[in-house]
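Enquirer: Structure supplied as upload.txt; contents: compact mmCIF, C-alpha atoms.
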# COMPACT_ATOMS: atom_id res chain seq x y z
CA MET A 1 -26.01 24.43 11.78
CA PRO A 2 -27.69 21.31 10.38
CA PRO A 3 -25.51 18.21 10.37
CA ALA A 4 -23.68 17.55 7.13
CA SER A 5 -25.33 15.01 4.85
CA VAL A 6 -23.43 11.78 4.34
CA SER A 7 -23.67 9.25 1.52
CA VAL A 8 -22.40 5.78 2.39
CA ILE A 9 -21.11 3.55 -0.40
CA LEU A 10 -21.06 -0.19 0.11
CA ILE A 11 -19.40 -2.39 -2.52
CA VAL A 12 -20.55 -5.99 -2.72
CA LYS A 13 -20.78 -9.15 -4.77
CA ASP A 14 -22.38 -12.25 -3.27
CA GLY A 15 -22.25 -10.89 0.26
CA GLU A 16 -25.39 -12.26 1.89
CA ALA A 17 -23.42 -13.80 4.75
CA PHE A 18 -22.17 -10.51 6.20
CA ILE A 19 -23.94 -7.59 4.53
CA ALA A 20 -26.71 -7.30 7.14
CA GLU A 21 -24.12 -6.85 9.89
CA ALA A 22 -22.32 -4.21 7.82
CA LEU A 23 -25.50 -2.25 7.06
CA GLN A 24 -26.63 -2.50 10.69
CA SER A 25 -23.27 -1.09 11.81
CA VAL A 26 -23.75 1.96 9.56
CA LEU A 27 -26.85 2.87 11.56
CA GLN A 28 -25.03 2.87 14.90
CA SER A 29 -24.26 6.58 14.93
CA SER A 30 -26.58 9.35 16.02
CA VAL A 31 -26.10 10.88 12.56
CA GLN A 32 -27.96 8.78 10.02
CA PRO A 33 -26.77 8.67 6.42
CA LEU A 34 -28.69 10.56 3.78
CA GLU A 35 -28.40 7.42 1.65
CA THR A 36 -26.53 4.14 1.50
CA LEU A 37 -25.67 3.16 -2.06
CA VAL A 38 -25.15 -0.58 -2.33
CA ILE A 39 -23.17 -1.05 -5.54
CA ASP A 40 -23.83 -4.65 -6.48
CA GLY A 41 -21.40 -6.33 -8.85
CA GLY A 42 -23.85 -8.97 -10.04
CA SER A 43 -24.63 -11.01 -6.93
CA SER A 44 -26.26 -14.39 -7.51
CA ASP A 45 -27.24 -14.87 -3.87
CA ARG A 46 -29.76 -12.92 -1.70
CA THR A 47 -27.52 -9.85 -1.28
CA ARG A 48 -29.91 -7.41 -2.97
CA GLU A 49 -32.96 -8.61 -1.03
CA VAL A 50 -31.13 -8.40 2.30
CA ALA A 51 -29.79 -4.93 1.52
CA ALA A 52 -33.16 -3.57 0.37
CA GLY A 53 -34.62 -4.31 3.81
CA PHE A 54 -32.50 -1.60 5.46
CA PRO A 55 -33.43 2.09 5.73
CA HIS A 56 -31.90 4.65 3.35
CA VAL A 57 -30.56 1.86 1.09
CA THR A 58 -30.57 2.09 -2.70
CA VAL A 59 -29.31 -1.01 -4.48
CA VAL A 60 -27.43 0.00 -7.63
CA PRO A 61 -26.49 -2.71 -10.15
CA GLN A 62 -22.91 -2.04 -11.18
CA ARG A 63 -22.57 -1.02 -14.84
CA THR A 64 -18.80 -1.38 -14.94
CA GLN A 65 -16.32 -4.06 -13.82
CA GLY A 66 -14.13 -4.36 -10.76
CA LEU A 67 -13.83 -2.90 -7.26
CA THR A 68 -12.26 0.39 -8.34
CA GLN A 69 -14.98 1.21 -10.85
CA ALA A 70 -17.63 0.19 -8.32
CA TYR A 71 -16.29 2.83 -5.93
CA ASN A 72 -16.21 5.41 -8.73
CA GLU A 73 -19.80 4.64 -9.70
CA GLY A 74 -20.81 5.16 -6.09
CA ILE A 75 -18.93 8.46 -5.80
CA GLU A 76 -20.52 9.74 -9.02
CA ARG A 77 -24.02 8.92 -7.77
CA ALA A 78 -23.57 10.16 -4.20
CA ARG A 79 -25.68 13.19 -3.23
CA GLY A 80 -24.22 13.84 0.23
CA GLU A 81 -21.78 16.62 1.09
CA LEU A 82 -19.56 13.92 2.52
CA ILE A 83 -18.94 10.37 1.38
CA ALA A 84 -18.10 7.33 3.51
CA PHE A 85 -17.35 3.76 2.47
CA ILE A 86 -17.73 0.26 3.83
CA SER A 87 -17.11 -3.25 2.53
CA HIS A 88 -19.89 -5.77 2.95
CA ASP A 89 -17.76 -7.94 5.21
CA ASP A 90 -16.54 -5.14 7.51
CA ARG A 91 -18.29 -3.40 10.35
CA TRP A 92 -18.15 0.12 11.66
CA LEU A 93 -17.99 0.56 15.41
CA PRO A 94 -20.78 2.55 17.10
CA GLY A 95 -20.35 6.29 16.68
CA LYS A 96 -17.92 6.11 13.74
CA LEU A 97 -19.73 8.73 11.68
CA ASP A 98 -20.35 10.94 14.72
CA ARG A 99 -16.68 10.90 15.68
CA GLN A 100 -15.43 11.71 12.18
CA LEU A 101 -18.05 14.43 11.63
CA GLU A 102 -17.13 15.98 14.96
CA ALA A 103 -13.45 16.04 13.97
CA MET A 104 -14.31 17.70 10.67
CA ARG A 105 -16.53 20.28 12.39
CA GLU A 106 -13.69 21.13 14.76
CA GLY A 107 -11.24 21.21 11.84
CA PRO A 108 -13.17 22.81 9.00
CA ALA A 109 -10.06 22.78 6.80
CA LEU A 110 -9.91 18.99 6.92
CA GLU A 111 -10.84 17.43 3.61
CA PHE A 112 -10.96 13.88 4.91
CA THR A 113 -10.48 11.76 8.00
CA VAL A 114 -9.49 8.12 8.42
CA THR A 115 -9.34 5.99 11.56
CA LEU A 116 -7.50 3.05 13.04
CA VAL A 117 -8.68 -0.35 11.84
CA ARG A 118 -8.64 -3.65 13.68
CA HIS A 119 -8.48 -6.92 11.76
CA PHE A 120 -10.28 -9.91 13.22
CA LEU A 121 -10.33 -13.52 12.12
CA GLU A 122 -13.81 -14.80 11.35
CA SER A 123 -14.66 -17.72 13.61
CA GLY A 124 -13.56 -20.97 12.00
CA ALA A 125 -11.89 -19.19 9.07
CA SER A 126 -8.23 -19.08 8.17
CA ALA A 127 -6.40 -16.05 6.83
CA PRO A 128 -5.73 -15.79 3.09
CA ARG A 129 -2.30 -16.84 1.87
CA GLY A 130 0.26 -14.11 2.39
CA PHE A 131 -1.76 -12.32 5.09
CA ARG A 132 0.44 -10.58 7.63
CA GLN A 133 -0.45 -12.31 10.87
CA GLU A 134 0.84 -9.42 12.97
CA LEU A 135 -2.12 -7.35 11.79
CA LEU A 136 -4.32 -9.51 14.01
CA ASP A 137 -2.34 -8.43 17.06
CA ALA A 138 -2.86 -4.66 17.14
CA PRO A 139 -4.88 -1.93 15.39
CA VAL A 140 -3.19 -0.09 12.53
CA PRO A 141 -3.75 3.25 10.75
CA GLY A 142 -6.45 2.63 8.15
CA PHE A 143 -5.56 4.52 4.98
CA ILE A 144 -8.20 2.48 3.17
CA MET A 145 -11.59 3.26 1.68
CA GLU A 146 -13.46 1.56 4.53
CA THR A 147 -12.37 4.12 7.14
CA LEU A 148 -12.56 7.16 4.86
CA LEU A 149 -14.98 10.03 5.35
CA ALA A 150 -14.25 12.62 2.66
CA ARG A 151 -15.83 15.84 1.50
CA ARG A 152 -17.26 15.28 -1.94
CA ARG A 153 -15.10 18.08 -3.39
CA CYS A 154 -12.07 16.09 -2.29
CA PHE A 155 -12.64 13.80 -5.27
CA GLU A 156 -12.48 16.83 -7.56
CA VAL A 157 -9.18 17.99 -6.06
CA VAL A 158 -7.50 14.56 -5.79
CA GLY A 159 -9.49 12.97 -8.60
CA MET A 160 -11.35 9.68 -8.75
CA LEU A 161 -9.85 6.27 -8.07
CA ASP A 162 -7.61 5.25 -10.95
CA PRO A 163 -8.87 2.06 -12.62
CA THR A 164 -5.52 1.48 -14.33
CA TYR A 165 -4.49 0.07 -10.97
CA ARG A 166 -6.23 -3.27 -11.20
CA SER A 167 -6.40 -3.35 -7.42
CA GLY A 168 -5.21 -1.28 -4.51
CA SER A 169 -6.24 1.92 -6.23
CA ASP A 170 -7.08 3.36 -2.82
CA THR A 171 -3.38 3.41 -1.91
CA ASP A 172 -2.74 5.42 -5.07
CA TRP A 173 -5.56 7.81 -4.14
CA PHE A 174 -4.13 8.39 -0.66
CA ALA A 175 -0.65 8.82 -2.17
CA ARG A 176 -2.00 11.50 -4.53
CA ALA A 177 -3.75 13.24 -1.63
CA THR A 178 -0.53 13.14 0.39
CA ASP A 179 1.52 14.58 -2.47
CA LEU A 180 -1.02 17.37 -2.96
CA LYS A 181 -0.87 18.06 0.80
CA VAL A 182 -4.64 17.76 1.14
CA PRO A 183 -5.45 18.47 4.82
CA HIS A 184 -6.54 15.29 6.57
CA LEU A 185 -6.56 13.66 9.97
CA LEU A 186 -5.99 10.14 11.23
CA ILE A 187 -8.32 9.77 14.21
CA PRO A 188 -6.38 7.59 16.65
CA GLU A 189 -9.36 5.42 17.57
CA VAL A 190 -10.44 2.04 16.23
CA LEU A 191 -13.69 2.79 14.41
CA VAL A 192 -13.64 0.03 11.77
CA GLU A 193 -13.24 -3.72 12.11
CA LYS A 194 -12.14 -5.65 9.06
CA ARG A 195 -13.08 -9.28 8.88
CA VAL A 196 -10.32 -11.63 7.79
CA HIS A 197 -11.57 -14.69 5.93
CA GLU A 198 -10.56 -16.73 2.91
CA GLU A 199 -12.92 -14.94 0.50
CA ASN A 200 -12.32 -11.33 1.57
CA ALA A 201 -12.06 -9.56 -1.79
CA SER A 202 -10.82 -6.27 -0.34
CA LEU A 203 -7.92 -8.14 1.23
CA LEU A 204 -7.27 -10.59 -1.60
CA ASN A 205 -7.32 -7.85 -4.22
CA ARG A 206 -4.64 -5.76 -2.61
CA GLN A 207 -2.03 -4.58 -4.99
CA SER A 208 0.84 -6.68 -6.12
CA ASN A 209 4.29 -5.42 -5.30
CA GLN A 210 4.62 -4.45 -8.96
CA GLN A 211 1.57 -2.18 -8.78
CA LEU A 212 2.70 -0.73 -5.47
CA LEU A 213 6.10 0.13 -6.96
CA ALA A 214 4.45 1.68 -10.01
CA LEU A 215 2.31 3.97 -7.89
CA LEU A 216 5.32 4.90 -5.73
CA ARG A 217 7.19 5.79 -8.93
CA SER A 218 4.28 8.04 -9.93
CA SER A 219 4.40 9.63 -6.50
CA VAL A 220 8.16 10.34 -6.83
CA GLN A 221 7.53 12.03 -10.19
CA ARG A 222 4.68 14.10 -8.73
CA LYS A 223 6.87 15.24 -5.85
CA ARG A 224 9.60 16.32 -8.24
CA THR A 225 7.10 18.24 -10.37
CA LEU A 226 5.37 19.84 -7.37
CA SER A 227 8.64 20.91 -5.76
CA MET B 1 38.18 -9.52 1.38
CA PRO B 2 35.49 -8.15 -0.96
CA ARG B 3 31.93 -8.12 0.31
CA ARG B 4 28.89 -9.58 -1.42
CA PHE B 5 25.30 -8.58 -0.80
CA ARG B 6 21.79 -9.85 -1.15
CA ILE B 7 18.51 -7.95 -1.42
CA ASN B 8 16.47 -8.23 1.79
CA ALA B 9 13.51 -9.96 0.12
CA PRO B 10 10.63 -10.38 0.67
CA ALA B 11 10.45 -7.25 2.84
CA VAL B 12 12.31 -5.35 0.14
CA ALA B 13 10.92 -5.28 -3.40
CA SER B 14 12.06 -3.24 -6.37
CA GLU B 15 11.57 -2.53 -10.04
CA ILE B 16 13.62 -0.59 -12.55
CA ILE B 17 11.17 1.91 -14.03
CA ASP B 18 12.24 4.48 -16.63
CA GLY B 19 15.88 3.84 -15.80
CA GLU B 20 15.52 4.44 -12.07
CA ALA B 21 15.30 1.78 -9.39
CA VAL B 22 12.18 2.15 -7.24
CA ILE B 23 12.67 0.24 -4.01
CA MET B 24 10.35 -0.24 -1.04
CA ASN B 25 11.02 -1.60 2.41
CA LEU B 26 7.75 -3.03 3.68
CA ARG B 27 9.12 -3.46 7.19
CA SER B 28 10.07 0.19 7.68
CA GLY B 29 7.46 1.70 5.33
CA ALA B 30 10.13 3.77 3.56
CA TYR B 31 10.61 3.83 -0.19
CA PHE B 32 13.46 4.91 -2.38
CA SER B 33 14.38 6.06 -5.84
CA THR B 34 17.85 6.02 -7.34
CA ARG B 35 19.44 8.57 -9.59
CA GLY B 36 22.71 8.70 -11.48
CA SER B 37 24.37 5.32 -11.76
CA GLY B 38 22.25 3.97 -8.88
CA SER B 39 19.91 1.80 -10.95
CA LEU B 40 22.83 0.18 -12.77
CA LEU B 41 24.51 -0.66 -9.48
CA TRP B 42 21.24 -1.89 -7.96
CA SER B 43 20.70 -4.28 -10.88
CA TRP B 44 24.21 -5.65 -10.41
CA ILE B 45 23.77 -6.02 -6.65
CA GLU B 46 20.57 -7.98 -7.36
CA GLN B 47 22.73 -10.43 -9.28
CA GLY B 48 24.90 -10.98 -6.20
CA ILE B 49 28.01 -9.40 -7.72
CA PRO B 50 30.81 -8.90 -5.15
CA GLU B 51 32.01 -5.42 -4.27
CA ASP B 52 35.35 -5.59 -6.10
CA VAL B 53 33.62 -6.67 -9.33
CA LEU B 54 31.06 -3.89 -8.91
CA LEU B 55 33.84 -1.35 -8.78
CA ARG B 56 35.61 -2.79 -11.78
CA ALA B 57 32.41 -2.84 -13.81
CA LEU B 58 31.59 0.72 -12.82
CA CYS B 59 35.02 1.91 -13.97
CA GLN B 60 34.64 0.02 -17.27
CA SER B 61 31.23 1.53 -17.92
CA PHE B 62 32.38 5.04 -17.06
CA PRO B 63 36.06 5.52 -17.93
CA ASP B 64 35.82 9.14 -16.79
CA ALA B 65 34.95 8.11 -13.22
CA ASP B 66 38.62 7.85 -12.23
CA GLY B 67 39.03 8.06 -8.50
CA ARG B 68 35.39 9.00 -7.90
CA ALA B 69 33.95 5.53 -8.46
CA ALA B 70 35.30 3.82 -5.32
CA PRO B 71 34.10 6.37 -2.73
CA ALA B 72 30.77 6.76 -4.55
CA LEU B 73 30.22 2.99 -4.49
CA GLU B 74 31.18 2.76 -0.83
CA THR B 75 28.75 5.54 0.12
CA PHE B 76 25.94 3.98 -1.91
CA LEU B 77 26.44 0.54 -0.36
CA ALA B 78 26.55 2.08 3.13
CA GLN B 79 23.19 3.77 2.47
CA LEU B 80 21.61 0.56 1.19
CA LEU B 81 22.84 -1.26 4.31
CA GLU B 82 21.70 1.54 6.62
CA HIS B 83 18.16 1.34 5.23
CA GLU B 84 18.27 -2.47 5.40
CA LEU B 85 17.65 -2.85 1.68
CA ILE B 86 20.55 -5.30 1.37
CA ARG B 87 22.49 -7.50 3.70
CA GLU B 88 26.00 -8.83 3.54
CA VAL B 89 26.29 -12.52 2.75
CA PRO B 90 29.31 -14.82 3.00
CA LEU B 91 31.38 -15.09 -0.12
CA GLN B 92 31.39 -18.90 0.00
CA GLY B 93 29.13 -20.80 -2.29
CA PRO B 94 28.63 -20.64 -6.02
CA MET B 95 29.11 -17.25 -7.55
CA PRO B 96 25.96 -16.43 -9.50
CA SER B 97 27.88 -14.58 -12.17
CA PRO B 98 31.56 -13.73 -12.20
CA GLU B 99 31.06 -10.54 -14.14
CA PRO B 100 27.98 -8.37 -14.39
CA GLN B 101 26.44 -7.53 -17.68
CA THR B 102 28.42 -4.34 -18.00
CA ARG B 103 27.09 -1.88 -20.44
CA PRO B 104 29.55 -0.76 -23.04
CA ALA B 105 31.08 2.59 -22.29
CA THR B 106 28.90 5.01 -24.20
CA GLY B 107 30.86 8.10 -23.42
CA ALA B 108 28.09 9.21 -21.05
CA PRO B 109 29.61 11.00 -18.08
CA PHE B 110 29.80 9.29 -14.73
CA ILE B 111 27.07 10.45 -12.37
CA PRO B 112 27.53 9.15 -8.82
CA PRO B 113 24.72 6.93 -7.53
CA VAL B 114 22.16 8.74 -5.41
CA LEU B 115 19.59 7.10 -3.15
CA GLU B 116 16.54 9.31 -2.55
CA VAL B 117 14.67 8.38 0.63
CA TYR B 118 10.94 8.93 1.15
CA THR B 119 9.16 8.31 4.44
CA ASP B 120 5.88 10.13 3.85
CA MET B 121 3.80 7.03 3.17
CA GLU B 122 4.75 4.76 6.04
CA ASP B 123 1.16 4.40 7.16
CA LEU B 124 0.11 3.30 3.68
CA LEU B 125 2.88 0.79 3.13
CA LEU B 126 2.92 -0.69 6.62
CA LEU B 127 -0.82 -1.30 6.53
CA ASP B 128 -0.88 -3.28 3.35
CA PRO B 129 -2.23 -6.58 4.64
CA ILE B 130 -1.08 -8.95 1.95
CA HIS B 131 2.18 -9.02 0.10
CA ASP B 132 3.58 -11.14 -2.66
CA VAL B 133 4.77 -14.33 -1.11
CA SER B 134 8.26 -15.44 -1.90
CA GLU B 135 8.30 -19.15 -2.61
CA GLU B 136 11.75 -19.19 -1.14
CA GLU B 137 11.19 -17.35 2.09
CA GLY B 138 7.45 -16.83 2.50
CA TRP B 139 5.85 -13.79 4.06
CA PRO B 140 6.25 -12.98 6.76
CA ALA B 141 9.54 -14.78 7.07
CA PRO B 142 8.88 -17.31 9.83
CA LYS B 143 11.20 -17.40 12.76
CA PRO B 144 13.49 -20.39 12.32
CA PRO B 145 12.89 -23.11 14.91
CA GLU B 146 15.38 -23.25 17.71
CA GLU B 147 18.08 -25.83 17.23
CA PRO B 148 17.44 -28.73 19.60
CA VAL B 149 20.08 -28.98 22.24
CA PRO B 150 21.99 -32.21 21.69
CA PRO B 151 21.96 -34.51 24.69
CA SER B 152 25.17 -34.20 26.61
Take the structure in the file and give it back as structure tokens.
Expert:
Amino acid sequence: MPPASVSVILIVKDGEAFIAEALQSVLQSSVQPLETLVIDGGSSDRTREVAAGFPHVTVVPQRTQGLTQAYNEGIERARGELIAFISHDDRWLPGKLDRQLEAMREGPALEFTVTLVRHFLESGASAPRGFRQELLDAPVPGFIMETLLARRRCFEVVGMLDPTYRSGSDTDWFARATDLKVPHLLIPEVLVEKRVHEENASLLNRQSNQQLLALLRSSVQRKRTLS
Amino acid sequence: MPRRFRINAPAVASEIIDGEAVIMNLRSGAYFSTRGSGSLLWSWIEQGIPEDVLLRALCQSFPDADGRAAPALETFLAQLLEHELIREVPLQGPMPSPEPQTRPATGAPFIPPVLEVYTDMEDLLLLDPIHDVSEEEGWPAPKPPEEPVPPS
């Protein structure tokens, strides 16, 4: 059976400092992506030039606004049977795609897999205000876009990311998947490293408590309806 | 001696949405929804109202509660304490409000407070790397420095 085709979606704005490392890390599996869609939110630095130098990369200027819509644009354009995600300032560990594809071959009912994630402090940087320092001590389950490998049809069942959540829409997506009992697996291995630095948009744009409570309220209502 | 309570912020955050209190405990990863008179009680507890005043206010709001209000309140408070959503605080100090904003009795029947507990999203809530920072306590709440030992 030929290996499943994978589209990788990388979201970026002004990421020239780290994007090469992120794109290099995508190539460190024996399975190579069918395509890597770099959704660029209007970078004014050399991000697009750096990205275009990597194999399988298509730079896509973002038509919409915000992180959530950038992900949705990527999902809509993706041609692979499976879709994976990475932020420009993160890195996958060698074999990430191989390990997740293997798990989904062994568990054909699985609709998506996620992995553990380790946070690391960029040399010389300090953590953003409010960052939970204990996350630097030990890996944690990564129910975030950057660890996700999902079958494309999963986004038809669960739906797209909801842009009404200004940020943290991935938590809402995973909550919806959980409520719908979509089969998934947390692979208990660290396969993604998330860089902690002052400008990390995917950390700084996490949801406010208010948004988190709103999505939990939606989840409670879904559970009542589904039961 | 009546007890008084305080919400365990910043680990515990809540909102009243559509008449129900939605509460999350970011240390345990559990979240909660109230039913019945739970949201009313939660909003009063947020104001730091002591237990005896809570009971009085509950009885005023729901004259039909009779003898059911006291055990229902006790059970509800015990659940909130068990899940570390509130903690008991000393009664000394200024009382924030002697009487809660009781709602006028509308004739609606008393429905005991219910705390629904959900633990299916621990991995999502415990991961969240950044939380709103309380100006008062910060996040995470730093360990207080040890008191220096006075020279003997």
Enquirer: Have a look at atom CA of Gln133 of chain A and atom CA of Ala20 of chain A and let me know their distance in Å, one decimal.
Expert: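 The value is 27.0 Å.
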Enquirer: Counting all atoms listed in the file, what is within 9 Å of Pro139 of chain A, bar same-chain residues fewer than 5 positions away, as number ranges by chain?
Expert: A: 116-119, 189-190
Enquirer: Can you write just those residues out, C-alpha atoms, as a PDB file, keeping the file's coordinate frame?
Expert:
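Produced file part13.pdb, reproduced below:
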ATOM      1  CA  LEU A 116      -7.500   3.050  13.040  1.00  0.00           C
ATOM      2  CA  VAL A 117      -8.680  -0.350  11.840  1.00  0.00           C
ATOM      3  CA  ARG A 118      -8.640  -3.650  13.680  1.00  0.00           C
ATOM      4  CA  HIS A 119      -8.480  -6.920  11.760  1.00  0.00           C
ATOM      5  CA  GLU A 189      -9.360   5.420  17.570  1.00  0.00           C
ATOM      6  CA  VAL A 190     -10.440   2.040  16.230  1.00  0.00           C
TER       7      VAL A 190
END
Enquirer: Excluding Leu97 of chain A and residues on its chain fewer than 6 positions from it, collect all residues at most 9 Å away from it, counting all atoms listed in the file, and give them as a ChimeraX atom specification.
Expert: /A:6,26,28-33,84,149,191
Enquirer: Restricting the calculation to only C-alpha atoms: of B:Asp66, B:Glu20, B:Glu15, B:Glu88, which residue gets closest to Glu51 of chain B?
Expert: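 Answer, going by the shortest atom-to-atom distance: B:Glu88.
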Enquirer: Show me, as CSV, the residues of chain A having an atom within 10 Å of chain B, each with the closest atom pair and its distance in Å, using all atoms listed in the file.
Expert:
residue,atom,partner,partner_atom,distance
A:Val117,CA,B:Leu127,CA,9.5
A:His119,CA,B:Pro129,CA,9.5
A:Pro128,CA,B:Ile130,CA,8.3
A:Arg129,CA,B:Ile130,CA,8.0
A:Gly130,CA,B:Ile130,CA,5.3
A:Phe131,CA,B:Ile130,CA,4.7
A:Arg132,CA,B:Pro129,CA,5.7
A:Gln133,CA,B:Pro140,CA,7.9
A:Glu134,CA,B:Pro140,CA,9.0
A:Leu135,CA,B:Pro129,CA,7.2
A:Pro139,CA,B:Leu127,CA,9.8
A:Val140,CA,B:Leu127,CA,6.6
A:Pro141,CA,B:Asp123,CA,6.2
A:Gly142,CA,B:Leu127,CA,7.1
A:Phe143,CA,B:Leu124,CA,5.9
A:Ile144,CA,B:Leu124,CA,8.4
A:Gly168,CA,B:Asp128,CA,9.2
A:Asp170,CA,B:Leu124,CA,9.7
A:Thr171,CA,B:Leu124,CA,6.6
A:Asp172,CA,B:Leu124,CA,9.4
A:Phe174,CA,B:Leu124,CA,7.9
A:Ala175,CA,B:Met121,CA,7.2
A:Thr178,CA,B:Asp120,CA,7.9
A:Asp179,CA,B:Asp120,CA,8.9
A:Ser202,CA,B:Pro129,CA,9.9
A:Leu203,CA,B:Pro129,CA,6.8
A:Leu204,CA,B:Ile130,CA,7.3
A:Asn205,CA,B:Ile130,CA,8.8
A:Arg206,CA,B:Ile130,CA,6.6
A:Gln207,CA,B:His131,CA,8.0
A:Ser208,CA,B:Asp132,CA,6.3
A:Asn209,CA,B:Asp132,CA,6.3
A:Gln210,CA,B:Glu15,CA,7.3
A:Leu212,CA,B:Leu125,CA,8.7
A:Leu213,CA,B:Val22,CA,6.4
A:Ala214,CA,B:Ile17,CA,7.8
A:Leu216,CA,B:Val22,CA,7.5
A:Arg217,CA,B:Val22,CA,6.4
A:Val220,CA,B:Ser33,CA,7.6
Enquirer: List the neighbours of Arg35 of chain B out to 6 Å using only C-alpha atoms; skip same-chain residues closer than 2 positions along the sequence, and give me the result as a PyMOL selection string.
Expert: chain B and resi 38+113-114
